[in-house]
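Source file: model-v2.pdb. Holds: PDB, C-alpha atoms, pLDDT in the B column.
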```pdb
ATOM      1  CA  MET A  27     140.143-279.733-135.166  1.00 50.00           C
ATOM      2  CA  ALA A  28     141.571-278.302-138.398  1.00 50.00           C
ATOM      3  CA  GLU A  29     145.310-277.893-138.549  1.00 50.00           C
ATOM      4  CA  THR A  30     146.545-274.511-139.707  1.00 45.00           C
ATOM      5  CA  SER A  31     149.790-274.137-141.583  1.00 48.00           C
ATOM      6  CA  PRO A  32     152.410-271.964-139.941  1.00 51.00           C
ATOM      7  CA  ALA A  33     153.068-268.554-141.488  1.00 58.00           C
ATOM      8  CA  ARG A  34     155.739-268.616-144.130  1.00 66.00           C
ATOM      9  CA  ARG A  35     158.949-267.213-142.678  1.00 66.00           C
ATOM     10  CA  ARG A  36     161.302-265.228-144.826  1.00 66.00           C
ATOM     11  CA  PRO A  37     164.869-266.463-145.121  1.00 65.00           C
ATOM     12  CA  SER A  38     167.280-264.726-142.773  1.00 59.00           C
ATOM     13  CA  GLY A  39     168.501-261.446-144.231  1.00 81.00           C
ATOM     14  CA  GLU A  40     165.916-261.276-147.031  1.00 88.00           C
ATOM     15  CA  LEU A  41     164.317-258.054-145.779  1.00 92.00           C
ATOM     16  CA  GLU A  42     167.686-256.391-145.219  1.00 92.00           C
ATOM     17  CA  ALA A  43     168.751-257.384-148.725  1.00 91.00           C
ATOM     18  CA  SER A  44     165.541-255.941-150.179  1.00 93.00           C
ATOM     19  CA  VAL A  45     165.983-252.664-148.326  1.00 95.00           C
ATOM     20  CA  LEU A  46     169.629-252.406-149.408  1.00 94.00           C
ATOM     21  CA  ALA A  47     168.653-253.121-153.014  1.00 93.00           C
ATOM     22  CA  ALA A  48     166.130-250.276-152.860  1.00 95.00           C
ATOM     23  CA  LEU A  49     168.777-247.914-151.486  1.00 96.00           C
ATOM     24  CA  TRP A  50     171.336-248.942-154.131  1.00 94.00           C
ATOM     25  CA  ALA A  51     168.779-248.446-156.907  1.00 94.00           C
ATOM     26  CA  ALA A  52     167.772-245.002-155.634  1.00 95.00           C
ATOM     27  CA  GLY A  53     171.120-243.343-156.144  1.00 87.00           C
ATOM     28  CA  GLY A  54     170.492-241.013-153.223  1.00 92.00           C
ATOM     29  CA  PRO A  55     169.286-240.944-149.624  1.00 97.00           C
ATOM     30  CA  LEU A  56     165.793-242.273-148.907  1.00 97.00           C
ATOM     31  CA  SER A  57     163.430-241.901-145.992  1.00 97.00           C
ATOM     32  CA  PRO A  58     161.744-244.993-144.550  1.00 97.00           C
ATOM     33  CA  ALA A  59     158.535-244.028-146.368  1.00 96.00           C
ATOM     34  CA  GLU A  60     160.421-243.779-149.677  1.00 96.00           C
ATOM     35  CA  VAL A  61     162.039-247.179-149.083  1.00 97.00           C
ATOM     36  CA  GLN A  62     158.613-248.599-148.263  1.00 96.00           C
ATOM     37  CA  SER A  63     157.268-247.195-151.528  1.00 96.00           C
ATOM     38  CA  ALA A  64     160.256-248.527-153.506  1.00 96.00           C
ATOM     39  CA  LEU A  65     159.491-251.979-152.098  1.00 95.00           C
ATOM     40  CA  GLY A  66     155.943-251.764-153.394  1.00 94.00           C
ATOM     41  CA  GLY A  67     154.357-250.915-150.047  1.00 88.00           C
ATOM     42  CA  ARG A  68     154.271-254.572-148.989  1.00 87.00           C
ATOM     43  CA  LEU A  69     155.955-253.845-145.643  1.00 91.00           C
ATOM     44  CA  ALA A  70     154.746-251.597-142.843  1.00 93.00           C
ATOM     45  CA  ARG A  71     156.744-248.381-142.496  1.00 93.00           C
ATOM     46  CA  THR A  72     157.612-249.346-138.914  1.00 94.00           C
ATOM     47  CA  THR A  73     159.121-252.592-140.233  1.00 94.00           C
ATOM     48  CA  VAL A  74     161.156-250.672-142.817  1.00 96.00           C
ATOM     49  CA  THR A  75     162.332-248.254-140.106  1.00 96.00           C
ATOM     50  CA  THR A  76     163.382-251.167-137.886  1.00 95.00           C
ATOM     51  CA  ILE A  77     165.343-252.755-140.740  1.00 96.00           C
ATOM     52  CA  LEU A  78     167.042-249.438-141.570  1.00 97.00           C
ATOM     53  CA  THR A  79     167.950-248.950-137.898  1.00 96.00           C
ATOM     54  CA  ARG A  80     169.455-252.436-137.746  1.00 94.00           C
ATOM     55  CA  LEU A  81     171.411-251.812-140.953  1.00 95.00           C
ATOM     56  CA  HIS A  82     172.676-248.552-139.453  1.00 96.00           C
ATOM     57  CA  ASP A  83     173.713-250.336-136.255  1.00 94.00           C
ATOM     58  CA  LYS A  84     175.604-252.895-138.382  1.00 90.00           C
ATOM     59  CA  GLY A  85     177.386-250.115-140.285  1.00 89.00           C
ATOM     60  CA  ALA A  86     175.793-250.973-143.635  1.00 92.00           C
ATOM     61  CA  VAL A  87     173.981-247.645-144.064  1.00 95.00           C
ATOM     62  CA  SER A  88     174.526-244.084-142.949  1.00 96.00           C
ATOM     63  CA  ARG A  89     171.767-241.764-141.871  1.00 97.00           C
ATOM     64  CA  SER A  90     171.334-238.043-141.643  1.00 97.00           C
ATOM     65  CA  ARG A  91     168.616-235.820-140.254  1.00 96.00           C
ATOM     66  CA  ALA A  92     165.884-234.733-142.596  1.00 94.00           C
ATOM     67  CA  GLY A  93     163.225-232.765-140.776  1.00 93.00           C
ATOM     68  CA  ARG A  94     162.015-234.800-137.816  1.00 93.00           C
ATOM     69  CA  GLY A  95     163.289-238.102-139.183  1.00 94.00           C
ATOM     70  CA  PHE A  96     166.235-239.587-141.023  1.00 96.00           C
ATOM     71  CA  VAL A  97     167.201-240.411-144.569  1.00 97.00           C
ATOM     72  CA  TYR A  98     169.432-243.403-145.234  1.00 98.00           C
ATOM     73  CA  SER A  99     172.195-244.159-147.734  1.00 97.00           C
ATOM     74  CA  PRO A 100     174.192-247.332-148.300  1.00 95.00           C
ATOM     75  CA  ILE A 101     177.801-247.098-147.147  1.00 93.00           C
ATOM     76  CA  GLU A 102     179.093-249.571-149.731  1.00 90.00           C
ATOM     77  CA  ASP A 103     177.958-251.220-152.918  1.00 90.00           C
ATOM     78  CA  SER A 104     176.916-254.861-152.946  1.00 87.00           C
ATOM     79  CA  ALA A 105     180.442-256.167-153.546  1.00 91.00           C
ATOM     80  CA  GLY A 106     181.864-254.026-150.746  1.00 90.00           C
ATOM     81  CA  LEU A 107     179.203-255.211-148.342  1.00 86.00           C
ATOM     82  CA  THR A 108     179.880-258.857-149.226  1.00 87.00           C
ATOM     83  CA  ALA A 109     183.601-258.324-148.693  1.00 90.00           C
ATOM     84  CA  ARG A 110     182.950-256.732-145.302  1.00 87.00           C
ATOM     85  CA  ARG A 111     180.720-259.641-144.259  1.00 85.00           C
ATOM     86  CA  MET A 112     183.377-262.137-145.316  1.00 89.00           C
ATOM     87  CA  ARG A 113     185.998-260.235-143.317  1.00 90.00           C
ATOM     88  CA  HIS A 114     183.681-260.113-140.291  1.00 88.00           C
ATOM     89  CA  GLU A 115     183.213-263.886-140.404  1.00 90.00           C
ATOM     90  CA  LEU A 116     186.954-264.425-140.760  1.00 93.00           C
ATOM     91  CA  ASP A 117     187.637-262.114-137.813  1.00 93.00           C
ATOM     92  CA  LYS A 118     185.480-264.373-135.604  1.00 93.00           C
ATOM     93  CA  GLN A 119     187.678-267.412-136.324  1.00 92.00           C
ATOM     94  CA  HIS A 120     190.384-268.487-133.919  1.00 93.00           C
ATOM     95  CA  ASP A 121     192.143-270.543-136.611  1.00 94.00           C
ATOM     96  CA  ARG A 122     192.152-268.147-139.569  1.00 92.00           C
ATOM     97  CA  GLY A 123     194.430-270.386-141.643  1.00 92.00           C
ATOM     98  CA  THR A 124     192.033-273.315-141.515  1.00 93.00           C
ATOM     99  CA  ALA A 125     189.039-271.090-142.265  1.00 93.00           C
ATOM    100  CA  LEU A 126     190.791-269.569-145.295  1.00 92.00           C
ATOM    101  CA  ALA A 127     191.984-272.984-146.485  1.00 93.00           C
ATOM    102  CA  ARG A 128     188.453-274.365-146.305  1.00 93.00           C
ATOM    103  CA  PHE A 129     187.087-271.322-148.124  1.00 92.00           C
ATOM    104  CA  VAL A 130     189.650-271.638-150.926  1.00 91.00           C
ATOM    105  CA  SER A 131     189.104-275.407-151.219  1.00 93.00           C
ATOM    106  CA  GLN A 132     185.427-274.748-151.961  1.00 94.00           C
ATOM    107  CA  LEU A 133     186.024-272.231-154.769  1.00 93.00           C
ATOM    108  CA  THR A 134     185.205-273.088-158.352  1.00 95.00           C
ATOM    109  CA  SER A 135     188.196-273.264-160.679  1.00 93.00           C
ATOM    110  CA  GLU A 136     187.130-269.942-162.221  1.00 95.00           C
ATOM    111  CA  ASP A 137     186.933-268.248-158.816  1.00 94.00           C
ATOM    112  CA  GLU A 138     190.271-269.773-157.819  1.00 92.00           C
ATOM    113  CA  LYS A 139     191.899-268.319-160.957  1.00 92.00           C
ATOM    114  CA  LEU A 140     190.298-264.946-160.282  1.00 93.00           C
ATOM    115  CA  LEU A 141     191.559-264.987-156.691  1.00 91.00           C
ATOM    116  CA  ARG A 142     195.088-265.851-157.883  1.00 91.00           C
ATOM    117  CA  ASP A 143     194.970-262.973-160.385  1.00 92.00           C
ATOM    118  CA  LEU A 144     193.740-260.585-157.694  1.00 92.00           C
ATOM    119  CA  LEU A 145     196.451-261.653-155.256  1.00 90.00           C
ATOM    120  CA  ARG A 146     199.116-261.360-157.945  1.00 89.00           C
ATOM    121  CA  GLY A 147     198.029-257.769-158.635  1.00 87.00           C
ATOM    122  CA  ALA A 148     197.578-256.789-154.972  1.00 77.00           C
ATOM    123  CA  GLY A 149     201.186-255.676-154.540  1.00 63.00           C
ATOM    124  CA  ASP A 150     201.149-253.143-157.370  1.00 63.00           C
ATOM    125  CA  GLY A 151     198.143-251.134-156.149  1.00 56.00           C
ATOM    126  CA  VAL A 152     196.211-251.760-159.364  1.00 54.00           C
ATOM    127  CA  PRO A 153     192.892-253.454-158.663  1.00 55.00           C
ATOM    128  CA  ARG A 154     192.312-256.419-160.927  1.00 48.00           C
ATOM    129  CA  GLY A 155     189.058-258.202-161.346  1.00 50.00           C
ATOM    130  CA  PRO A 156     186.790-259.828-163.898  1.00 49.00           C
ATOM    131  CA  GLN A 157     187.268-256.911-166.285  1.00 45.00           C
ATOM    132  CA  THR A 158     190.935-257.825-166.914  1.00 41.00           C
ATOM    133  CA  GLY A 159     189.899-260.746-169.101  1.00 41.00           C
ATOM    134  CA  ALA A 160     191.208-264.276-169.452  1.00 39.00           C
ATOM    135  CA  GLY A 161     194.743-263.298-170.412  1.00 41.00           C
ATOM    136  CA  GLY A 162     194.757-261.093-167.404  1.00 42.00           C
ATOM    137  CA  ASP A 163     197.661-258.727-166.963  1.00 40.00           C
ATOM    138  CA  ALA A 164     197.557-255.191-168.191  1.00 40.00           C
ATOM    139  CA  SER A 165     201.209-254.566-167.297  1.00 36.00           C
TER     140      SER A 165
END
```
Can you turn what I pasted into structure tokens?
Amino acid sequence: MAETSPARRRPSGELEASVLAALWAAGGPLSPAEVQSALGGRLARTTVTTILTRLHDKGAVSRSRAGRGFVYSPIEDSAGLTARRMRHELDKQHDRGTALARFVSQLTSEDEKLLRDLLRGAGDGVPRGPQTGAGGDAS
């Protein structure tokens, strides 16, 4: 009896990431059919609709009526979505201090410096990020 190889499974979240990327690139609301087309038609429209519904349930996209269906828009950009996911994971932790300490201990030295710069600027209401440069402060 010939052994068949199991179907290749996509990594968790890959389809959601692809759908979000299509929405971010569009610059405006898209229907499931338009998302399907933006993804090259490689997914069934029902699959795209399911992914969009799940993203809506998770609060990652908004939807509004368009005829008999919906059009979808991302709620946040990629960085905002990552930040929300990080916050969600932190909110699930009983010992937040340990979770944050472990997160910080795994940062690269560049990311640690960036985090310090961001925290230093957090009190003045001026967002600081990679654009501030190596010398950092614009004050």
*Hits from the PyMOL selection byres ((chain A and resi 71) around 9), listed as a ChimeraX atom specification*: /A:58-59,61-62,67,69-70,72-76
_Here's the selection I'm unsure about, the PyMOL selection byres ((chain A and resi 100) around 8); applied to the file above, which residues does it give, as number ranges by chain?_
A: 46, 49-50, 86-88, 98-99, 101-103
_Applying the PyMOL selection byres ((chain A and resi 128-136) around 12) to the file I just gave you, which residues come out? Please list them as a PyMOL selection string._
chain A and resi 112+115-116+121-127+137-143+155-156+159-160
_What's the separation between CA of His82 (chain A) and CA of Lys118 (chain A), in Å to one decimal place?_
20.7 Å
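Atom pair CA of Gly39 (chain A) / CA of Thr79 (chain A): separated by 14.0 Å.
For the pair CA of Glu42 (chain A) and CA of Leu81 (chain A), the separation is 7.3 Å.
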